[in-house]
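J.: My structure is stored as target.txt, with compact mmCIF, C-alpha atoms.
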```txt
# COMPACT_ATOMS: atom_id res chain seq x y z
CA MET A 1 131.44 93.16 144.07
CA LYS A 2 133.61 91.77 141.31
CA LYS A 3 133.82 93.94 138.19
CA MET A 4 132.82 92.37 134.91
CA LYS A 5 135.83 92.00 132.62
CA LEU A 6 135.23 93.16 129.05
CA PRO A 7 136.32 90.95 126.13
CA LEU A 8 139.70 91.85 124.64
CA TRP A 9 138.22 92.85 121.24
CA LEU A 10 135.77 95.24 122.93
CA ARG A 11 138.52 96.75 125.08
CA ASN A 12 140.61 97.33 121.94
CA ILE A 13 137.70 99.05 120.20
CA LEU A 14 137.05 101.30 123.21
CA LEU A 15 140.77 102.14 123.39
CA LEU A 16 140.79 103.07 119.70
CA LEU A 17 137.71 105.28 120.09
CA SER A 18 139.36 107.09 123.00
CA VAL A 19 142.29 108.28 120.86
CA LEU A 20 140.34 109.32 117.76
CA GLY A 21 140.14 113.05 117.15
CA PRO A 22 141.56 115.49 114.56
CA GLY A 23 142.72 112.74 112.17
CA LEU A 24 139.30 111.10 111.94
CA ILE A 25 137.52 114.46 111.68
CA THR A 26 139.81 115.72 108.91
CA ALA A 27 139.60 112.55 106.80
CA SER A 28 135.83 112.26 107.29
CA ALA A 29 135.26 115.89 106.31
CA ASP A 30 136.93 115.09 102.96
CA ASN A 31 133.83 113.00 102.19
CA ASP A 32 131.83 116.22 101.90
CA ALA A 33 129.12 117.21 99.41
CA PRO A 34 131.57 117.72 96.48
CA GLY A 35 133.32 114.50 97.48
CA ILE A 36 130.11 112.45 97.60
CA ALA A 37 129.12 113.95 94.25
CA THR A 38 132.51 113.00 92.77
CA TYR A 39 132.42 109.42 94.05
CA SER A 40 128.81 109.03 92.91
CA MET A 41 129.75 110.30 89.46
CA VAL A 42 132.72 107.95 88.98
CA GLY A 43 130.79 104.98 90.40
CA SER A 44 127.82 105.53 88.13
CA THR A 45 130.06 106.20 85.10
CA TYR A 46 132.93 103.70 85.47
CA GLY A 47 131.59 101.06 87.85
CA TYR A 48 134.21 99.66 90.22
CA ASN A 49 137.14 100.85 88.09
CA PHE A 50 138.14 103.65 90.46
CA LEU A 51 138.56 101.53 93.58
CA TRP A 52 142.25 101.00 92.75
CA LEU A 53 142.78 104.76 93.03
CA ILE A 54 141.22 104.81 96.50
CA LEU A 55 143.93 102.36 97.64
CA VAL A 56 146.70 104.61 96.25
CA ILE A 57 145.17 107.75 97.74
CA THR A 58 144.91 106.13 101.18
CA VAL A 59 148.70 105.70 101.32
CA GLY A 60 149.23 109.28 100.15
CA GLU A 61 146.79 110.74 102.63
CA VAL A 62 148.30 108.85 105.58
CA VAL A 63 151.83 110.05 104.66
CA ILE A 64 150.85 113.71 104.19
CA LEU A 65 148.53 114.02 107.18
CA GLU A 66 150.96 112.21 109.51
CA MET A 67 153.67 114.65 108.43
CA VAL A 68 151.64 117.76 109.28
CA ALA A 69 150.29 116.25 112.51
CA ARG A 70 153.89 115.58 113.60
CA MET A 71 154.83 119.19 112.80
CA GLY A 72 151.92 120.39 114.95
CA ALA A 73 153.05 118.20 117.86
CA VAL A 74 156.72 119.20 117.61
CA THR A 75 156.25 122.95 117.13
CA GLY A 76 152.88 123.66 118.74
CA LYS A 77 152.16 125.83 115.70
CA GLY A 78 149.94 125.62 112.63
CA THR A 79 151.07 125.28 109.00
CA ALA A 80 150.42 128.93 108.10
CA ASP A 81 152.38 130.10 111.16
CA LEU A 82 155.44 128.07 110.11
CA ILE A 83 155.17 129.16 106.47
CA ARG A 84 155.16 132.83 107.53
CA GLU A 85 158.17 132.34 109.79
CA LYS A 86 160.27 130.39 107.26
CA PHE A 87 159.22 131.75 103.85
CA GLY A 88 158.10 135.33 104.41
CA VAL A 89 155.03 137.48 103.91
CA LYS A 90 154.72 137.34 100.08
CA ILE A 91 154.47 133.54 99.80
CA THR A 92 152.19 133.44 102.85
CA THR A 93 149.85 136.10 101.39
CA PHE A 94 149.61 134.24 98.06
CA ALA A 95 148.87 130.95 99.82
CA MET A 96 146.25 132.54 102.09
CA PHE A 97 144.50 134.29 99.17
CA CYS A 98 144.21 131.01 97.21
CA LEU A 99 143.09 129.13 100.34
CA LEU A 100 140.45 131.75 101.18
CA MET A 101 138.99 131.74 97.65
CA ALA A 102 139.00 127.94 97.40
CA ASN A 103 137.53 127.45 100.88
CA LEU A 104 134.78 130.01 100.33
CA GLY A 105 133.68 128.20 97.18
CA THR A 106 133.85 124.82 98.88
CA THR A 107 131.94 126.06 101.97
CA VAL A 108 129.19 127.27 99.65
CA ALA A 109 129.15 123.77 98.14
CA GLU A 110 128.80 122.26 101.64
CA PHE A 111 125.73 124.38 102.37
CA ALA A 112 124.40 123.34 98.96
CA GLY A 113 124.80 119.76 100.26
CA VAL A 114 122.79 120.65 103.38
CA ALA A 115 120.11 122.13 101.10
CA ALA A 116 120.07 119.02 98.88
CA ALA A 117 119.79 116.67 101.87
CA GLY A 118 116.91 118.71 103.26
CA GLU A 119 115.09 118.67 99.93
CA LEU A 120 115.39 114.87 99.84
CA PHE A 121 113.32 114.89 103.04
CA GLY A 122 110.90 117.42 101.57
CA ILE A 123 112.22 120.50 103.43
CA ASN A 124 112.90 123.72 101.48
CA LYS A 125 116.46 125.08 101.59
CA VAL A 126 115.16 128.45 102.86
CA ILE A 127 114.35 126.61 106.11
CA THR A 128 117.13 124.01 106.26
CA VAL A 129 120.20 126.11 105.45
CA PRO A 130 119.72 129.06 107.88
CA ILE A 131 118.64 126.78 110.76
CA MET A 132 121.63 124.46 110.34
CA ALA A 133 123.98 127.43 109.95
CA VAL A 134 122.78 128.93 113.24
CA ILE A 135 123.00 125.57 115.06
CA MET A 136 126.54 124.82 113.84
CA GLY A 137 127.67 128.41 114.40
CA LEU A 138 126.43 128.50 118.01
CA PHE A 139 127.92 125.08 118.66
CA ILE A 140 131.38 126.31 117.54
CA LEU A 141 131.13 129.68 119.28
CA ARG A 142 129.87 128.47 122.65
CA SER A 143 131.84 125.24 123.18
CA ASN A 144 135.45 124.42 124.04
CA TYR A 145 137.70 122.20 121.93
CA LYS A 146 136.96 118.92 123.76
CA ILE A 147 133.19 119.25 123.34
CA ILE A 148 133.49 120.35 119.71
CA GLU A 149 135.78 117.43 118.93
CA LYS A 150 133.28 114.92 120.36
CA ILE A 151 130.40 116.40 118.34
CA LEU A 152 132.46 116.38 115.13
CA ILE A 153 133.44 112.74 115.72
CA GLY A 154 129.73 111.96 116.14
CA LEU A 155 129.00 113.62 112.78
CA SER A 156 131.82 111.54 111.24
CA LEU A 157 129.87 108.39 112.17
CA ALA A 158 127.01 109.48 109.88
CA ALA A 159 129.11 107.91 107.12
CA LEU A 160 128.07 104.50 108.50
CA SER A 161 124.88 105.02 106.49
CA TYR A 162 126.86 104.24 103.32
CA VAL A 163 128.13 101.01 104.87
CA ALA A 164 124.53 100.05 105.70
CA THR A 165 123.44 100.90 102.15
CA VAL A 166 126.04 98.56 100.66
CA PHE A 167 124.77 95.64 102.71
CA ILE A 168 121.20 96.44 101.68
CA ILE A 169 122.04 96.22 97.95
CA LYS A 170 124.27 93.09 98.38
CA PRO A 171 126.96 93.57 95.68
CA ASP A 172 129.11 90.78 94.26
CA TRP A 173 132.30 91.08 96.33
CA GLY A 174 134.21 88.77 93.97
CA VAL A 175 133.63 91.17 91.07
CA ILE A 176 134.56 94.13 93.28
CA LEU A 177 137.88 92.50 94.25
CA HIS A 178 138.64 91.59 90.63
CA ASP A 179 137.92 95.11 89.32
CA THR A 180 139.94 96.69 92.13
CA LEU A 181 143.06 94.61 91.47
CA ARG A 182 142.67 94.54 87.67
CA PRO A 183 141.04 97.87 86.73
CA GLN A 184 140.29 98.84 83.14
CA ILE A 185 142.14 102.15 83.04
CA GLN A 186 141.08 104.37 80.16
CA LEU A 187 143.38 106.92 78.52
CA THR A 188 140.57 109.36 77.75
CA SER A 189 140.29 112.98 78.83
CA ASP A 190 137.11 112.29 80.85
CA TYR A 191 138.75 109.43 82.74
CA ILE A 192 141.90 111.48 83.49
CA VAL A 193 139.83 114.44 84.68
CA SER A 194 137.87 112.03 86.91
CA ILE A 195 141.15 110.81 88.42
CA LEU A 196 142.07 114.42 89.15
CA ALA A 197 138.68 115.04 90.72
CA VAL A 198 138.99 112.02 93.03
CA ILE A 199 142.51 113.01 94.12
CA GLY A 200 141.51 116.66 94.53
CA THR A 201 138.53 115.91 96.73
CA THR A 202 140.53 113.56 99.00
CA ILE A 203 143.87 115.32 99.61
CA THR A 204 143.11 119.02 100.10
CA PRO A 205 145.02 122.13 101.25
CA TRP A 206 142.40 122.96 103.88
CA ALA A 207 142.84 119.50 105.46
CA ILE A 208 146.58 120.19 105.91
CA PHE A 209 145.96 123.54 107.62
CA TYR A 210 143.08 122.25 109.75
CA LEU A 211 144.81 119.09 111.02
CA GLN A 212 148.06 120.75 112.07
CA ALA A 213 146.20 123.61 113.76
CA SER A 214 143.91 121.13 115.56
CA VAL A 215 146.85 119.08 116.82
CA ALA A 216 148.54 122.25 118.08
CA ASP A 217 145.25 123.53 119.56
CA LYS A 218 144.72 120.21 121.35
CA GLY A 219 148.14 120.53 122.97
CA VAL A 220 149.55 117.26 121.60
CA SER A 221 153.27 116.75 122.28
CA MET A 222 155.69 114.12 121.01
CA GLU A 223 155.38 112.31 124.35
CA ASN A 224 151.77 111.39 123.51
CA TYR A 225 152.06 111.64 119.72
CA ARG A 226 151.63 107.88 119.23
CA ASP A 227 147.90 108.21 119.82
CA THR A 228 147.66 111.04 117.29
CA ARG A 229 149.56 109.00 114.69
CA LEU A 230 147.09 106.15 115.22
CA ASP A 231 144.22 108.65 114.92
CA VAL A 232 145.56 109.97 111.58
CA THR A 233 146.16 106.49 110.18
CA VAL A 234 142.77 105.07 111.24
CA GLY A 235 140.99 108.28 110.23
CA SER A 236 142.50 108.30 106.73
CA ALA A 237 141.72 104.61 106.24
CA TRP A 238 138.15 105.07 107.50
CA GLY A 239 137.53 108.09 105.28
CA ASN A 240 138.67 106.23 102.20
CA VAL A 241 136.71 103.09 103.09
CA ILE A 242 133.62 105.30 103.06
CA SER A 243 134.70 106.76 99.69
CA ALA A 244 134.99 103.22 98.34
CA PHE A 245 131.55 102.29 99.70
CA ILE A 246 129.95 105.29 97.96
CA ILE A 247 131.51 104.14 94.69
CA ILE A 248 130.31 100.56 95.34
CA VAL A 249 126.73 101.74 96.04
CA THR A 250 126.46 103.76 92.83
CA ALA A 251 128.36 101.24 90.71
CA THR A 252 126.23 98.30 91.86
CA THR A 253 122.95 100.10 91.22
CA LEU A 254 123.27 103.00 88.78
CA PHE A 255 126.17 101.88 86.56
CA LYS A 256 124.54 98.51 85.87
CA VAL A 257 121.44 100.17 84.41
CA GLY A 258 123.25 103.00 82.61
CA ILE A 259 122.22 105.88 84.89
CA ARG A 260 124.95 108.52 85.20
CA VAL A 261 124.66 111.17 87.92
CA GLU A 262 126.62 114.37 88.53
CA ASP A 263 125.62 115.25 92.08
CA ALA A 264 124.80 113.52 95.37
CA LYS A 265 121.12 114.47 95.33
CA ASP A 266 120.58 112.84 91.94
CA ALA A 267 122.39 109.72 93.16
CA ALA A 268 120.15 109.45 96.25
CA MET A 269 116.96 109.91 94.20
CA ALA A 270 118.05 107.39 91.57
CA LEU A 271 118.59 104.72 94.23
CA ALA A 272 114.93 104.58 95.27
CA PRO A 273 113.51 102.56 92.34
CA LEU A 274 116.62 100.35 92.16
CA ALA A 275 117.47 99.60 95.79
CA GLY A 276 114.44 100.73 97.76
CA GLU A 277 113.41 103.80 99.74
CA ALA A 278 115.66 102.84 102.68
CA SER A 279 118.75 103.25 100.49
CA THR A 280 117.70 106.78 99.51
CA ILE A 281 117.11 107.73 103.16
CA LEU A 282 120.48 106.33 104.26
CA PHE A 283 122.27 108.07 101.38
CA ALA A 284 120.55 111.36 102.29
CA LEU A 285 121.48 110.99 105.97
CA GLY A 286 125.12 110.42 105.00
CA LEU A 287 125.04 113.53 102.80
CA LEU A 288 123.54 115.65 105.60
CA GLY A 289 126.03 114.41 108.22
CA ALA A 290 129.00 114.94 105.89
CA SER A 291 127.83 118.42 104.91
CA LEU A 292 127.31 119.51 108.53
CA LEU A 293 130.75 118.17 109.46
CA ALA A 294 132.36 120.02 106.56
CA VAL A 295 130.54 123.34 107.19
CA SER A 296 132.13 123.28 110.64
CA VAL A 297 135.62 122.16 109.65
CA LEU A 298 136.12 124.19 106.44
CA PRO A 299 135.49 127.66 107.93
CA LEU A 300 137.62 126.65 110.92
CA SER A 301 140.50 125.62 108.65
CA THR A 302 140.28 129.00 106.91
CA THR A 303 140.20 131.06 110.10
CA TYR A 304 142.99 129.01 111.68
CA ALA A 305 145.22 129.58 108.66
CA VAL A 306 144.48 133.29 108.18
CA CYS A 307 144.95 134.11 111.88
CA GLU A 308 148.20 132.14 112.05
CA ALA A 309 149.53 133.73 108.88
CA PHE A 310 148.98 137.31 110.04
CA GLY A 311 149.61 136.89 113.76
CA PHE A 312 146.08 137.10 115.20
CA GLU A 313 145.01 135.11 118.27
CA ARG A 314 143.22 131.89 117.34
CA GLY A 315 141.86 128.74 118.93
CA LEU A 316 138.61 127.18 120.12
CA ASN A 317 139.77 127.34 123.72
CA ARG A 318 139.95 131.15 123.56
CA SER A 319 136.96 133.42 124.14
CA PHE A 320 135.45 135.74 121.52
CA ARG A 321 137.05 138.70 123.33
CA GLU A 322 140.49 137.05 123.22
CA ALA A 323 140.25 136.06 119.53
CA PRO A 324 137.78 138.41 117.79
CA VAL A 325 139.31 138.02 114.32
CA PHE A 326 139.24 134.22 114.59
CA TYR A 327 135.57 134.01 115.54
CA GLY A 328 134.54 137.01 113.42
CA SER A 329 136.06 135.41 110.30
CA PHE A 330 134.29 132.14 111.08
CA ILE A 331 130.92 133.92 111.35
CA GLY A 332 131.61 135.93 108.19
CA ILE A 333 132.36 132.83 106.10
CA ILE A 334 129.21 131.09 107.37
CA VAL A 335 126.96 134.09 106.67
CA PHE A 336 128.46 134.70 103.20
CA SER A 337 128.05 131.04 102.21
CA VAL A 338 124.45 130.86 103.40
CA LEU A 339 123.48 134.01 101.49
CA ILE A 340 125.07 132.70 98.28
CA VAL A 341 123.25 129.34 98.52
CA LEU A 342 119.89 131.08 99.07
CA ILE A 343 120.21 133.27 95.93
CA PRO A 344 117.79 131.86 93.32
CA GLY A 345 119.51 130.56 90.20
CA MET A 346 123.03 130.80 91.64
CA PRO A 347 125.38 128.53 89.58
CA LEU A 348 126.56 126.45 92.56
CA PHE A 349 128.10 123.72 90.38
CA GLN A 350 130.33 126.25 88.59
CA MET A 351 131.44 127.68 91.94
CA MET A 352 132.34 124.19 93.09
CA ILE A 353 134.47 123.64 89.97
CA LEU A 354 136.23 127.00 90.51
CA SER A 355 137.04 126.14 94.13
CA GLN A 356 138.47 122.76 93.09
CA SER A 357 140.61 124.45 90.42
CA LEU A 358 142.03 126.84 93.04
CA ASN A 359 142.70 123.83 95.29
CA ALA A 360 144.57 122.19 92.41
CA ILE A 361 146.77 125.28 91.99
CA LEU A 362 147.40 125.64 95.73
CA LEU A 363 147.97 122.00 96.74
CA PRO A 364 151.38 121.40 95.05
CA VAL A 365 152.68 124.71 96.47
CA ILE A 366 151.58 123.78 100.00
CA LEU A 367 152.96 120.23 99.71
CA ILE A 368 156.39 121.51 98.62
CA LEU A 369 156.49 124.02 101.51
CA VAL A 370 155.35 121.36 103.99
CA LEU A 371 158.04 118.95 102.76
CA ARG A 372 160.72 121.59 103.25
CA LEU A 373 159.45 122.35 106.75
CA ALA A 374 159.24 118.66 107.72
CA ASN A 375 162.91 118.22 106.74
CA ASP A 376 164.16 121.42 108.36
CA LYS A 377 166.34 120.57 111.36
CA ALA A 378 165.74 123.98 112.93
CA VAL A 379 161.98 123.34 112.87
CA MET A 380 161.72 119.59 113.52
CA GLY A 381 164.98 118.65 115.23
CA LYS A 382 165.28 114.87 115.57
CA TYR A 383 161.67 114.43 114.41
CA ARG A 384 162.41 115.26 110.77
CA ASN A 385 161.04 113.01 108.04
CA THR A 386 162.56 109.57 107.62
CA ARG A 387 163.95 108.55 104.24
CA LEU A 388 160.92 106.34 103.55
CA THR A 389 158.51 109.16 104.42
CA ASN A 390 160.38 111.50 102.06
CA ILE A 391 160.33 108.97 99.22
CA LEU A 392 156.58 108.43 99.59
CA ALA A 393 155.85 112.14 100.11
CA VAL A 394 157.93 113.20 97.09
CA ALA A 395 156.27 110.51 94.96
CA ILE A 396 152.80 111.67 96.02
CA THR A 397 153.72 115.33 95.49
CA THR A 398 155.17 114.59 92.03
CA LEU A 399 152.01 112.68 91.07
CA ILE A 400 149.78 115.54 92.21
CA VAL A 401 151.91 118.13 90.40
CA ALA A 402 151.75 116.04 87.22
CA VAL A 403 147.99 115.57 87.32
CA THR A 404 147.49 119.23 88.25
CA VAL A 405 149.43 120.27 85.13
CA ILE A 406 147.25 117.93 83.08
CA LEU A 407 144.16 119.45 84.71
CA LEU A 408 145.25 122.96 83.78
CA LEU A 409 146.27 121.98 80.23
CA GLU A 410 143.27 119.73 79.52
CA PRO A 411 141.04 122.54 78.15
CA LEU A 412 143.83 123.60 75.77
CA LEU A 413 144.33 120.00 74.64
CA ASN A 414 140.63 119.74 73.84
CA ILE A 415 140.79 122.92 71.77
CA VAL A 416 143.73 121.57 69.80
```
Would you give me this structure, written as structure tokens?
T.:
Amino acid sequence: MKKMKLPLWLRNILLLLSVLGPGLITASADNDAPGIATYSMVGSTYGYNFLWLILVITVGEVVILEMVARMGAVTGKGTADLIREKFGVKITTFAMFCLLMANLGTTVAEFAGVAAAGELFGINKVITVPIMAVIMGLFILRSNYKIIEKILIGLSLAALSYVATVFIIKPDWGVILHDTLRPQIQLTSDYIVSILAVIGTTITPWAIFYLQASVADKGVSMENYRDTRLDVTVGSAWGNVISAFIIIVTATTLFKVGIRVEDAKDAAMALAPLAGEASTILFALGLLGASLLAVSVLPLSTTYAVCEAFGFERGLNRSFREAPVFYGSFIGIIVFSVLIVLIPGMPLFQMMILSQSLNAILLPVILILVLRLANDKAVMGKYRNTRLTNILAVAITTLIVAVTVILLLEPLLNIV
């Protein structure tokens, strides 16, 4: 019997799906509860005027994530492992302390996103948060890397709900294109802080640690690195397309009628009278999928980094007996975050801000260390950064350092 030949476009799509993995997961997890809240806020406050920044960030994210993925393929080691070997215990301890504090705060925010999504469907957080924590915890603890990767990719596809929402509300694409290419940039403190928030929620220290560790854990080598590079590029582009669609949804509906929101739950609820109940449901599903993806990836990024930094066994292909610190830390972070979210009256928004501030302090340090490692002949051999990669990476790092300084000085400037 003659086999049916698939169309070329379908074969290309299936080929692309077969190579997606850590890059798509990492970029998609950036669109977490704090991220959705940030994009909803800027969309409802400034309309389409932040879409230009999404284009810039996409280039930066591709450059940085490709660099760390390549290091994982060349060395078979994670970022924290290389930092400890090349820069010593003191710098490693400082980096791990900042990463742990920032990731704990952000993981709490992810469970707050799970709680918010559940409440949008009328389910109390006392039920939603513990059940989801147990499900995600068991899934990580009892599966090997290949199974976990497939489930996380499936959760990444929950972001399609934002694409569907955009086509429900039918925005004016001509206006969107015009405002993207000719944005009205404002030199106000609120606008600058919003720029920092968008950058900070897209390019994160935990993403660097998680991606390199995942590439090493997956056993990628430079012989098959081409697929991983495609995964990182497509993943980063996809993640930022979703970011743009969240901005478009809130700009098209909320900004036009003067409704400003500060979190994802408010954005979802505000959509109902403006774009219909279906839009609220889709927005809530996207929030739930993103939060579940992030509550898996963020604790993993933390445990990967800490175990690498201090020489403990780590990896999803190892058993609990082989890597007790790795799995024990993962469980500890999950339990701590759940308990914090369930405390009545806990200032979750303030914790989110604190975690983002720690990220802002840590990110330039990590980027500088990663740049030095990626150009170290003893580490990378012939796979060191190209001149173009260095120019782009230094430019991105300089931009982030500059905006981080502004972020730290902004409260003082307001006082003056």
J.: What does the distance between CA of Ile400 in chain A and CA of Gly200 in chain A come to in Å, to one decimal place?
T.: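 Between these atoms lies a distance of 8.7 Å.
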J.: Go ahead and compute the interatomic distance for CA of Asn224 in chain A and CA of Ala159 in chain A, in Å to one decimal.
T.: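 Those two atoms sit 28.2 Å apart.
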J.: Which one is closest to Leu316 in chain A: A:Ala374, A:Val129, A:Ala69, A:Ala213? Count all atoms listed in the file.
T.: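 Ranking A:Ala374, A:Val129, A:Ala69, A:Ala213 by distance to Leu316 in chain A, first place goes to A:Ala213.
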J.: Of the candidates A:Thr75, A:Asn124, A:Thr202, A:Gln184, which one gets nearest to Asp376 in chain A if we count all atoms listed in the file?
T.: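 Smallest separation from Asp376 in chain A among the options: A:Thr75.
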J.: Up to 12 Å from (123.9, 133.4, 108.2) in the file's coordinates: name the residues, counting all atoms listed in the file, as an NGL selection string.
T.: :A and (108 or 111 or 126-138 or 330-342)
J.: For those residues, write C-alpha atoms to a file as a tab-separated table (two decimals), keeping the file's coordinate frame.
T.:
```
chain	number	residue	atom	x	y	z
A	108	VAL	CA	129.19	127.27	99.65
A	111	PHE	CA	125.73	124.38	102.37
A	126	VAL	CA	115.16	128.45	102.86
A	127	ILE	CA	114.35	126.61	106.11
A	128	THR	CA	117.13	124.01	106.26
A	129	VAL	CA	120.20	126.11	105.45
A	130	PRO	CA	119.72	129.06	107.88
A	131	ILE	CA	118.64	126.78	110.76
A	132	MET	CA	121.63	124.46	110.34
A	133	ALA	CA	123.98	127.43	109.95
A	134	VAL	CA	122.78	128.93	113.24
A	135	ILE	CA	123.00	125.57	115.06
A	136	MET	CA	126.54	124.82	113.84
A	137	GLY	CA	127.67	128.41	114.40
A	138	LEU	CA	126.43	128.50	118.01
A	330	PHE	CA	134.29	132.14	111.08
A	331	ILE	CA	130.92	133.92	111.35
A	332	GLY	CA	131.61	135.93	108.19
A	333	ILE	CA	132.36	132.83	106.10
A	334	ILE	CA	129.21	131.09	107.37
A	335	VAL	CA	126.96	134.09	106.67
A	336	PHE	CA	128.46	134.70	103.20
A	337	SER	CA	128.05	131.04	102.21
A	338	VAL	CA	124.45	130.86	103.40
A	339	LEU	CA	123.48	134.01	101.49
A	340	ILE	CA	125.07	132.70	98.28
A	341	VAL	CA	123.25	129.34	98.52
A	342	LEU	CA	119.89	131.08	99.07
```
J.: Write out as a PyMOL selection string the residues lying within 12 Å of Ile248 in chain A, counting all atoms listed in the file and excluding same-chain residues fewer than 5 positions away.
T.: chain A and resi 39-51+54+162-173+175-177+179-180+241-243+253-256
J.: Just the number, please: distance in Å from CA of Cys98 in chain A to CA of Pro299 in chain A, one decimal.
T.: 14.2 Å
J.: Out of A:Leu369, A:Ile246, A:Ala80, A:Met101, which residue has the shortest atom-to-atom distance to Leu287 in chain A when counting only C-alpha atoms?
T.: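 Comparing A:Leu369, A:Ile246, A:Ala80, A:Met101 against Leu287 in chain A, the winner is A:Ile246.
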J.: Using all atoms listed in the file for the distances, tell me which of A:Ala290, A:Val405, A:Ala37, A:Val232 is nearest to Leu152 in chain A.
T.: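 Between A:Ala290, A:Val405, A:Ala37, A:Val232, the residue approaching Leu152 in chain A most closely is A:Ala290.
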J.: Might you pull out every residue within 8 Å of Glu308 in chain A, with only C-alpha atoms counted and same-chain residues fewer than 3 positions away left off, and present them as a VMD selection string?
T.: chain A and resid 78 80 to 81 304 to 305 311 to 314
J.: Between A:Tyr191, A:Phe310, A:Tyr327, A:Phe320, which one has atoms that come closest to Glu85 in chain A, using only C-alpha atoms?
T.: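 Of A:Tyr191, A:Phe310, A:Tyr327, A:Phe320, the one nearest Glu85 in chain A, counting only C-alpha atoms, is A:Phe310.
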J.: Might you pull out every residue within 8 Å of range 221-223 of chain A, with only C-alpha atoms counted and same-chain residues fewer than 3 positions away left off, and present them as a VMD selection string?
T.: chain A and resid 70 73 to 74 76 226
